[in-house]
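Here's the structure, in structure tokens; my notes come after.
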Amino acid sequence: MEDPIIQIQDLFNTINHSSWDQIHKIPQSGGDRVYYRIHQGEHSWIATSSLNIKENQTFIYFAQHFKEKGLPVPKVLAVNEQCTCYIQEDVGNTSLLEILEKEGKTEHVFKLFQKSLKSLAALQVNGHQDLDYQKCLTSKIFGNQSIMTDLLYYKYYFLDSLQYPYDKQALMNEFELLSDQLASRDFNYFLFRDFQSRNIMVHNDEVFFIDFQGGMQGGLSYDVASLLWQAKAELSQEWKDQLLAYYIQEVQQLLPSALNAEAFKKQYNGFVLLRLLQVLGAYGFRGLFERKAHFLASIPLGLQNLKNFLATTHLEKETPVFASILNWMVSDEVINRFTPPTANENTPLQITIHSFSYKKGIPVDPTENGGGFVFDMRGILNPGRFDDYKKLSGLDKPVQDFLEQKTKMNVFLNSVWDLVDINVEDYLQRGFANLQINFGCTGGQHRSVFAAEQTARHLRNKYKLKVNLVHTNKENWVK
């Protein structure tokens, strides 16, 4: 395959006769798509490179259709002949989730959620008009089959891993009942499918939608449920209620006939449950099966989200077996199974993490118990071999992107954390005072620095521990 940078450069020349000042890769969020941000003076564009031609075609068609309807999506400016590369407007690099995490639940953030829901209603209803659903990437309709797929995803990758005894045939019968109810043809318009605050970009206080290529025809309330019950956002019940009421008010103005609010809310509650279960299925697959630490740590949050939902919604009458399973799943017994111990102000355990150069030797542990871990990073491709990264370090974003996207660093670190976490949890329980973790590479500048930084972040986030982080060879870094 031709170098994607060359492809992008040729394509960029068709819309701009001056060469760019800079192009850099944006961290991948999912799939095989690779994103680049192009800079020229005060202007910027987003370029996408992907060999998944069908996915590219779907995104481009949806984007052009929605843009013609005046909806808040990036405009596609150029597409290469093979449809493996395209350039679009840059709608900023700050997501609604990032603003929420930075500002907290302020009035400003609440208004951004309102803007998002108002624009969502327009995308669903106005975007549905004249849309050719034959262009959809996978399913054309979010019906029984899609709903059953999500329920089974949860069953196989999360529920069954808990080894809880239940009547499997009765549960399948109740799953079929639920999918029939949710697959109702009421309120079927465009369904974004992954409408969450990560896919809402905020630029000059206006909202824009990205990553809608998985869309299809389906129930209006699914996307609302996805946004308001996103576990990472942790919206209060008061905000959820107010924002749901706001959305109903906005979408009602766009629909050709009166909205049955009671039927809509019933479908909404069903989709909230489905979305929560699908998320737990993803956490189970990525965490329990692939052993990825981030997803394992997210399981308690997903269970607590489900517990909050069940506190206001009852399923016993129509699905008694499923209801009993869910009530057990949100019990303290299960949540505690996935909840790691955390440090407090009286916890004696101090973690020291070093990055080091093997040329200088392994750091000594002067503490009483000694020991700890030493991890050799030299099996990971060294960014320092390349001129673009030679004078940078593992603290710099281009190096971080390289290690995450071009090497097996993420696989390596997930394995490291599996080992380290066992000792950390044991040391917390036994009142140990010290644990040293060392990451070494050739120069102690790129791989070991990145690994040390990421491990410190992991331990602080998961266990609330105090971490002393030292890059021992910093004064000798190539500059």
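Just so we're on the same page: first chain in the structure tokens is A, next is B, and so on; residues restart at 1 for each chain, and ligands are numbered from 1 in the order they show up.
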
**Item:** Shell around Leu465 (chain A) at 10 Å using only C-alpha atoms, local window under 4 positions removed, as a list of chain:residue names
**Value:**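 In the requested form, the answer reads A:Thr342, A:Ala343, A:Asn344, A:Glu345, A:Thr347, A:Pro348, A:Leu349, A:Gln350, A:Ile351, A:Val424, A:Leu428, A:Ala456, A:Arg457, A:His458, A:Leu459, A:Arg460, A:Asn461.
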
Generate the output file for the selected residues, C-alpha atoms, as an mmCIF file, in the first residue's frame.
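File written: result-v8.cif
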data_model
loop_
_atom_site.group_PDB
_atom_site.id
_atom_site.type_symbol
_atom_site.label_atom_id
_atom_site.label_comp_id
_atom_site.auth_asym_id
_atom_site.auth_seq_id
_atom_site.Cartn_x
_atom_site.Cartn_y
_atom_site.Cartn_z
ATOM 1 C CA THR A 342 -7.993 1.796 47.706
ATOM 2 C CA ALA A 343 -5.563 3.811 49.766
ATOM 3 C CA ASN A 344 -6.494 6.536 52.251
ATOM 4 C CA GLU A 345 -4.535 9.147 54.205
ATOM 5 C CA THR A 347 -2.215 3.954 54.140
ATOM 6 C CA PRO A 348 1.523 3.322 54.666
ATOM 7 C CA LEU A 349 2.221 1.928 51.189
ATOM 8 C CA GLN A 350 4.477 4.137 49.050
ATOM 9 C CA ILE A 351 5.106 3.182 45.435
ATOM 10 C CA VAL A 424 -0.268 -4.001 45.301
ATOM 11 C CA LEU A 428 -2.408 -2.855 50.885
ATOM 12 C CA ALA A 456 1.991 5.586 37.772
ATOM 13 C CA ARG A 457 -1.264 6.831 36.251
ATOM 14 C CA HIS A 458 -2.791 3.347 36.467
ATOM 15 C CA LEU A 459 -1.922 2.927 40.172
ATOM 16 C CA ARG A 460 -3.097 6.415 41.116
ATOM 17 C CA ASN A 461 -6.403 5.976 39.315
#

**Prompt:** Which neighbours of Leu243 (chain A) fall inside 10 Å, counting only C-alpha atoms, when residues of the same chain fewer than 6 positions from it are skipped, and could you give them as JSON, numbers by chain?
**Reply:** {"A": [110, 111, 113, 114, 117, 224, 228, 237, 249]}

Hey, which bits of region 116-219 of chain A sit within 12 Å of region 32-48 of chain A, and for each residue what's the closest pair of atoms and how far apart in Å (one decimal), counting only C-alpha atoms, rows by chain and increasing number, as CSV?
residue,atom,partner,partner_atom,distance
A:Ile210,CA,A:Ile46,CA,11.6
A:Asp211,CA,A:Arg33,CA,10.7
A:Gln213,CA,A:Arg33,CA,11.9

I want to know what sits within 12 Å of region 121-130 of chain A, based on only C-alpha atoms, with residues of the same chain fewer than 3 positions away left out; could you give that as a tab-separated table (two decimals) with N, CA and C atoms, in the first residue's frame?
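Listed below is the output, selection28.tsv:
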chain	number	residue	atom	x	y	z
A	61	TYR	N	-20.98	9.11	2.69
A	61	TYR	CA	-22.37	9.30	2.27
A	61	TYR	C	-23.19	9.96	3.37
A	62	PHE	N	-23.10	9.43	4.59
A	62	PHE	CA	-23.85	10.02	5.71
A	62	PHE	C	-23.45	11.48	5.93
A	63	ALA	N	-22.13	11.74	5.93
A	63	ALA	CA	-21.64	13.10	6.19
A	63	ALA	C	-22.16	14.08	5.14
A	64	GLN	N	-22.11	13.68	3.87
A	64	GLN	CA	-22.59	14.57	2.80
A	64	GLN	C	-24.09	14.78	2.90
A	65	HIS	N	-24.84	13.70	3.19
A	65	HIS	CA	-26.29	13.81	3.32
A	65	HIS	C	-26.66	14.73	4.49
A	66	PHE	N	-26.04	14.54	5.63
A	66	PHE	CA	-26.37	15.35	6.80
A	66	PHE	C	-25.95	16.81	6.60
A	67	LYS	N	-24.81	17.01	5.94
A	67	LYS	CA	-24.35	18.39	5.71
A	67	LYS	C	-25.33	19.14	4.82
A	68	GLU	N	-25.86	18.45	3.82
A	68	GLU	CA	-26.85	19.07	2.93
A	68	GLU	C	-28.12	19.46	3.69
A	69	LYS	N	-28.40	18.75	4.79
A	69	LYS	CA	-29.57	19.06	5.62
A	69	LYS	C	-29.26	20.13	6.66
A	70	GLY	N	-28.04	20.65	6.64
A	70	GLY	CA	-27.66	21.70	7.59
A	70	GLY	C	-27.40	21.18	8.99
A	71	LEU	N	-27.00	19.93	9.11
A	71	LEU	CA	-26.78	19.31	10.42
A	71	LEU	C	-25.32	19.43	10.84
A	72	PRO	N	-25.04	19.39	12.14
A	72	PRO	CA	-23.69	19.68	12.66
A	72	PRO	C	-22.71	18.52	12.54
A	73	VAL	N	-22.26	18.25	11.33
A	73	VAL	CA	-21.25	17.22	11.09
A	73	VAL	C	-20.13	17.86	10.26
A	114	GLN	N	-27.72	20.11	26.44
A	114	GLN	CA	-28.97	20.51	25.79
A	114	GLN	C	-28.76	20.74	24.29
A	115	LYS	N	-27.69	21.46	23.95
A	115	LYS	CA	-27.38	21.69	22.54
A	115	LYS	C	-27.19	20.37	21.79
A	116	SER	N	-26.52	19.43	22.46
A	116	SER	CA	-26.27	18.12	21.85
A	116	SER	C	-27.57	17.39	21.57
A	117	LEU	N	-28.49	17.43	22.52
A	117	LEU	CA	-29.77	16.73	22.36
A	117	LEU	C	-30.66	17.42	21.32
A	118	LYS	N	-30.62	18.73	21.28
A	118	LYS	CA	-31.39	19.44	20.26
A	118	LYS	C	-30.88	19.10	18.86
A	133	TYR	N	-30.93	3.97	3.36
A	133	TYR	CA	-30.42	3.05	4.38
A	133	TYR	C	-29.73	1.82	3.77
A	134	GLN	N	-29.81	1.68	2.43
A	134	GLN	CA	-29.03	0.63	1.78
A	134	GLN	C	-27.53	0.90	1.90
A	187	PHE	N	-41.48	5.37	16.46
A	187	PHE	CA	-40.37	6.33	16.62
A	187	PHE	C	-39.12	5.91	15.84
A	188	ASN	N	-39.26	5.22	14.72
A	188	ASN	CA	-38.07	4.78	13.97
A	188	ASN	C	-37.60	5.85	13.00
A	189	TYR	N	-36.44	6.41	13.31
A	189	TYR	CA	-35.79	7.41	12.47
A	189	TYR	C	-34.31	7.03	12.36
A	190	PHE	N	-33.43	8.00	12.17
A	190	PHE	CA	-32.00	7.67	12.11
A	190	PHE	C	-31.48	7.43	13.51
A	191	LEU	N	-30.77	6.32	13.68
A	191	LEU	CA	-30.19	5.96	14.97
A	191	LEU	C	-28.67	6.04	14.84
A	192	PHE	N	-28.06	6.92	15.63
A	192	PHE	CA	-26.62	7.17	15.59
A	192	PHE	C	-25.84	5.91	15.98
A	193	ARG	N	-26.37	5.18	16.96
A	193	ARG	CA	-25.86	3.89	17.47
A	193	ARG	C	-24.77	4.03	18.53
A	195	PHE	N	-23.98	7.19	20.26
A	195	PHE	CA	-24.10	8.60	20.61
A	195	PHE	C	-23.67	8.79	22.07
A	208	PHE	N	-20.59	19.39	17.46
A	208	PHE	CA	-20.49	18.70	16.17
A	208	PHE	C	-20.39	17.21	16.44
A	209	PHE	N	-20.95	16.40	15.54
A	209	PHE	CA	-20.97	14.95	15.72
A	209	PHE	C	-19.96	14.26	14.81
A	212	PHE	N	-20.30	8.56	13.13
A	212	PHE	CA	-21.70	8.12	13.00
A	212	PHE	C	-21.87	7.08	11.90
A	215	GLY	N	-24.42	4.09	11.99
A	215	GLY	CA	-25.83	4.41	12.10
A	215	GLY	C	-26.73	3.54	11.24
A	216	MET	N	-28.02	3.53	11.61
A	216	MET	CA	-29.04	2.74	10.90
A	216	MET	C	-30.41	3.30	11.28
A	217	GLN	N	-31.46	2.68	10.85
A	217	GLN	CA	-32.80	3.11	11.23
A	217	GLN	C	-33.20	2.42	12.53
A	218	GLY	N	-33.75	3.20	13.46
A	218	GLY	CA	-34.12	2.61	14.74
A	218	GLY	C	-34.84	3.59	15.65
A	219	GLY	N	-35.05	3.19	16.89
A	219	GLY	CA	-35.81	3.98	17.85
A	219	GLY	C	-35.10	5.24	18.28
A	220	LEU	N	-35.84	6.34	18.32
A	220	LEU	CA	-35.27	7.62	18.72
A	220	LEU	C	-34.61	7.57	20.09
A	221	SER	N	-35.21	6.84	21.01
A	221	SER	CA	-34.77	6.91	22.40
A	221	SER	C	-33.44	6.20	22.66
A	222	TYR	N	-32.99	5.36	21.73
A	222	TYR	CA	-31.74	4.62	21.95
A	222	TYR	C	-30.56	5.59	22.12
A	223	ASP	N	-30.46	6.58	21.24
A	223	ASP	CA	-29.34	7.52	21.30
A	223	ASP	C	-29.41	8.39	22.56
A	224	VAL	N	-30.61	8.74	22.96
A	224	VAL	CA	-30.77	9.54	24.18
A	224	VAL	C	-30.29	8.72	25.38
A	244	LEU	N	-33.85	14.55	29.53
A	244	LEU	CA	-34.81	13.72	28.80
A	244	LEU	C	-36.06	14.54	28.47
A	246	TYR	N	-36.23	17.73	28.16
A	246	TYR	CA	-35.84	18.73	27.16
A	246	TYR	C	-35.82	18.10	25.76
A	247	TYR	N	-35.25	16.89	25.66
A	247	TYR	CA	-35.19	16.22	24.35
A	247	TYR	C	-36.59	15.95	23.82
A	248	ILE	N	-37.47	15.45	24.66
A	248	ILE	CA	-38.85	15.15	24.21
A	248	ILE	C	-39.51	16.42	23.68
A	249	GLN	N	-39.29	17.51	24.37
A	249	GLN	CA	-39.85	18.80	23.94
A	249	GLN	C	-39.29	19.20	22.57
A	250	GLU	N	-38.00	19.01	22.37
A	250	GLU	CA	-37.36	19.42	21.11
A	250	GLU	C	-37.76	18.51	19.95
A	251	VAL	N	-37.76	17.19	20.18
A	251	VAL	CA	-38.06	16.28	19.08
A	251	VAL	C	-39.54	16.36	18.70
A	252	GLN	N	-40.40	16.69	19.66
A	252	GLN	CA	-41.83	16.81	19.39
A	252	GLN	C	-42.09	17.87	18.32
A	253	GLN	N	-41.28	18.93	18.32
A	253	GLN	CA	-41.47	20.01	17.35
A	253	GLN	C	-41.10	19.59	15.93
A	254	LEU	N	-40.33	18.50	15.80
A	254	LEU	CA	-39.86	18.07	14.49
A	254	LEU	C	-40.68	16.93	13.90
A	255	LEU	N	-41.43	16.22	14.76
A	255	LEU	CA	-42.16	15.04	14.31
A	255	LEU	C	-43.46	15.43	13.60
A	256	PRO	N	-43.88	14.65	12.64
A	256	PRO	CA	-45.10	14.98	11.87
A	256	PRO	C	-46.39	14.78	12.67

List the neighbours of region 149-155 of chain A out to 6 Å using only C-alpha atoms; skip same-chain residues closer than 5 positions along the sequence, and give me the result as an mmCIF file with N, CA and C atoms, in the first residue's frame.
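result.cif was written with the following content:
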data_model
loop_
_atom_site.group_PDB
_atom_site.id
_atom_site.type_symbol
_atom_site.label_atom_id
_atom_site.label_comp_id
_atom_site.auth_asym_id
_atom_site.auth_seq_id
_atom_site.Cartn_x
_atom_site.Cartn_y
_atom_site.Cartn_z
ATOM 1 N N ASP A 160 -22.124 -14.947 31.952
ATOM 2 C CA ASP A 160 -21.655 -16.326 32.079
ATOM 3 C C ASP A 160 -20.304 -16.423 32.781
ATOM 4 N N LEU A 277 -26.272 -3.059 29.531
ATOM 5 C CA LEU A 277 -25.844 -4.446 29.401
ATOM 6 C C LEU A 277 -24.790 -4.603 28.304
ATOM 7 N N GLN A 278 -24.970 -3.866 27.204
ATOM 8 C CA GLN A 278 -23.992 -3.928 26.124
ATOM 9 C C GLN A 278 -22.631 -3.436 26.608
ATOM 10 N N GLY A 281 -21.040 -6.044 28.643
ATOM 11 C CA GLY A 281 -20.503 -7.064 27.745
ATOM 12 C C GLY A 281 -19.143 -6.659 27.199
#

**Complete:** Nearest to Thr455 (chain A), restricted to only C-alpha atoms and choosing among A:Ser393, A:Thr442, A:Ser415, A:Asn473, comes out as A:Ser415

**Request:** Enter the distance from CA of His446 (chain A) to CA of Gly372 (chain A), in Å, rounded to one decimal.
**Result:** 21.9 Å

**Asked** Any idea what the distance is between CA of Pro4 (chain A) and CA of Asn56 (chain A)?
**Response**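 A separation of 14.7 Å between them.
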
**Asked** Near Leu419 (chain A), within 12 Å and counting only C-alpha atoms, which residues show up once chain neighbours fewer than 2 positions away are dropped, as a PyMOL selection string?
**Response** chain A and resi 291+293+372-375+412-417+421-426+437+455

**Request:** Would you please give, as a VMD selection string, all residues of region 232-320 of chain A that DSSP assigns to helix (DSSP H, G or I) based on the backbone?
**Result:** chain A and resid 237 to 252 261 to 289 293 to 310 320

**Surrounding residues of region 316-325 of chain A excluding itself and chain neighbours under 2 positions, 7 Å, only C-alpha atoms, as a list of chain:residue names** = A:Ala170, A:Leu171, A:Glu174, A:His314, A:Asn327, A:Trp328, A:Met329

**Message:** Just list as a PyMOL selection string whatever in region 250-462 of chain A DSSP marks as strand (DSSP E or B).
**Reply:** chain A and resi 350-357+373-376+434-441

Export N, CA and C atoms of the chosen residues as a PDB file, in the first residue's frame?
ATOM      1  N   GLN A 350       3.917   3.160  49.974  1.00  0.00           N
ATOM      2  CA  GLN A 350       4.477   4.137  49.050  1.00  0.00           C
ATOM      3  C   GLN A 350       5.029   3.388  47.844  1.00  0.00           C
ATOM      4  N   ILE A 351       4.626   3.799  46.668  1.00  0.00           N
ATOM      5  CA  ILE A 351       5.106   3.182  45.435  1.00  0.00           C
ATOM      6  C   ILE A 351       6.178   4.080  44.822  1.00  0.00           C
ATOM      7  N   THR A 352       7.316   3.501  44.482  1.00  0.00           N
ATOM      8  CA  THR A 352       8.358   4.229  43.762  1.00  0.00           C
ATOM      9  C   THR A 352       8.537   3.591  42.394  1.00  0.00           C
ATOM     10  N   ILE A 353       8.430   4.395  41.345  1.00  0.00           N
ATOM     11  CA  ILE A 353       8.571   3.902  39.978  1.00  0.00           C
ATOM     12  C   ILE A 353       9.748   4.616  39.319  1.00  0.00           C
ATOM     13  N   HIS A 354      10.653   3.839  38.745  1.00  0.00           N
ATOM     14  CA  HIS A 354      11.806   4.399  38.034  1.00  0.00           C
ATOM     15  C   HIS A 354      11.754   4.036  36.557  1.00  0.00           C
ATOM     16  N   SER A 355      12.167   4.968  35.705  1.00  0.00           N
ATOM     17  CA  SER A 355      12.624   4.604  34.366  1.00  0.00           C
ATOM     18  C   SER A 355      14.146   4.673  34.422  1.00  0.00           C
ATOM     19  N   PHE A 356      14.804   3.752  33.716  1.00  0.00           N
ATOM     20  CA  PHE A 356      16.267   3.764  33.797  1.00  0.00           C
ATOM     21  C   PHE A 356      16.875   3.250  32.500  1.00  0.00           C
ATOM     22  N   SER A 357      18.172   3.484  32.348  1.00  0.00           N
ATOM     23  CA  SER A 357      18.945   2.982  31.217  1.00  0.00           C
ATOM     24  C   SER A 357      19.760   1.785  31.679  1.00  0.00           C
ATOM     25  N   PHE A 373       9.768  -5.006  41.278  1.00  0.00           N
ATOM     26  CA  PHE A 373       9.737  -5.484  39.896  1.00  0.00           C
ATOM     27  C   PHE A 373      10.752  -4.742  39.035  1.00  0.00           C
ATOM     28  N   VAL A 374      11.315  -5.472  38.070  1.00  0.00           N
ATOM     29  CA  VAL A 374      12.156  -4.869  37.029  1.00  0.00           C
ATOM     30  C   VAL A 374      11.653  -5.392  35.690  1.00  0.00           C
ATOM     31  N   PHE A 375      11.225  -4.482  34.827  1.00  0.00           N
ATOM     32  CA  PHE A 375      10.698  -4.865  33.516  1.00  0.00           C
ATOM     33  C   PHE A 375      11.611  -4.348  32.408  1.00  0.00           C
ATOM     34  N   ASP A 376      11.984  -5.242  31.517  1.00  0.00           N
ATOM     35  CA  ASP A 376      12.880  -4.929  30.405  1.00  0.00           C
ATOM     36  C   ASP A 376      12.051  -4.529  29.189  1.00  0.00           C
ATOM     37  N   ASN A 434       6.438  -0.228  51.327  1.00  0.00           N
ATOM     38  CA  ASN A 434       7.127   0.175  50.094  1.00  0.00           C
ATOM     39  C   ASN A 434       7.012  -0.882  49.004  1.00  0.00           C
ATOM     40  N   LEU A 435       6.960  -0.404  47.772  1.00  0.00           N
ATOM     41  CA  LEU A 435       7.071  -1.268  46.601  1.00  0.00           C
ATOM     42  C   LEU A 435       7.757  -0.475  45.499  1.00  0.00           C
ATOM     43  N   GLN A 436       8.807  -1.068  44.923  1.00  0.00           N
ATOM     44  CA  GLN A 436       9.526  -0.403  43.843  1.00  0.00           C
ATOM     45  C   GLN A 436       9.244  -1.117  42.522  1.00  0.00           C
ATOM     46  N   ILE A 437       9.015  -0.328  41.465  1.00  0.00           N
ATOM     47  CA  ILE A 437       8.757  -0.853  40.122  1.00  0.00           C
ATOM     48  C   ILE A 437       9.702  -0.138  39.163  1.00  0.00           C
ATOM     49  N   ASN A 438      10.481  -0.890  38.402  1.00  0.00           N
ATOM     50  CA  ASN A 438      11.487  -0.299  37.515  1.00  0.00           C
ATOM     51  C   ASN A 438      11.252  -0.711  36.068  1.00  0.00           C
ATOM     52  N   PHE A 439      11.363   0.258  35.171  1.00  0.00           N
ATOM     53  CA  PHE A 439      11.253   0.004  33.740  1.00  0.00           C
ATOM     54  C   PHE A 439      12.550   0.438  33.068  1.00  0.00           C
ATOM     55  N   GLY A 440      13.222  -0.488  32.403  1.00  0.00           N
ATOM     56  CA  GLY A 440      14.489  -0.166  31.775  1.00  0.00           C
ATOM     57  C   GLY A 440      14.467  -0.326  30.271  1.00  0.00           C
ATOM     58  N   CYS A 441      15.200   0.538  29.577  1.00  0.00           N
ATOM     59  CA  CYS A 441      15.409   0.387  28.141  1.00  0.00           C
ATOM     60  C   CYS A 441      16.836   0.840  27.839  1.00  0.00           C
TER      61      CYS A 441
END

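Pairwise distance (CA of Pro383 (chain A), CA of Lys292 (chain A)) equals 23.8 Å.
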
**Prompt:** Which of these, A:Gly361, A:Gly92, A:Gly443, A:Pro341, has the shortest distance to Glu206 (chain A) once you count only C-alpha atoms?
**Reply:**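 Going through A:Gly361, A:Gly92, A:Gly443, A:Pro341 one by one, the smallest distance to Glu206 (chain A) is for A:Gly92.
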
**Request:** Return the single residue from A:Lys266, A:Gln429, A:Ile362, A:Lys406 that is closest to Pro340 (chain A), with distances computed using only C-alpha atoms.
**Result:** A:Gln429

**Prompt:** Near Val76 (chain A), within 8 Å and counting only C-alpha atoms, which residues show up once chain neighbours fewer than 3 positions away are dropped, as a list in words?
**Reply:** Ile60, Ala63, Gln64, Val79, Tyr86, Ile87, Gln88 and Glu89 of chain A
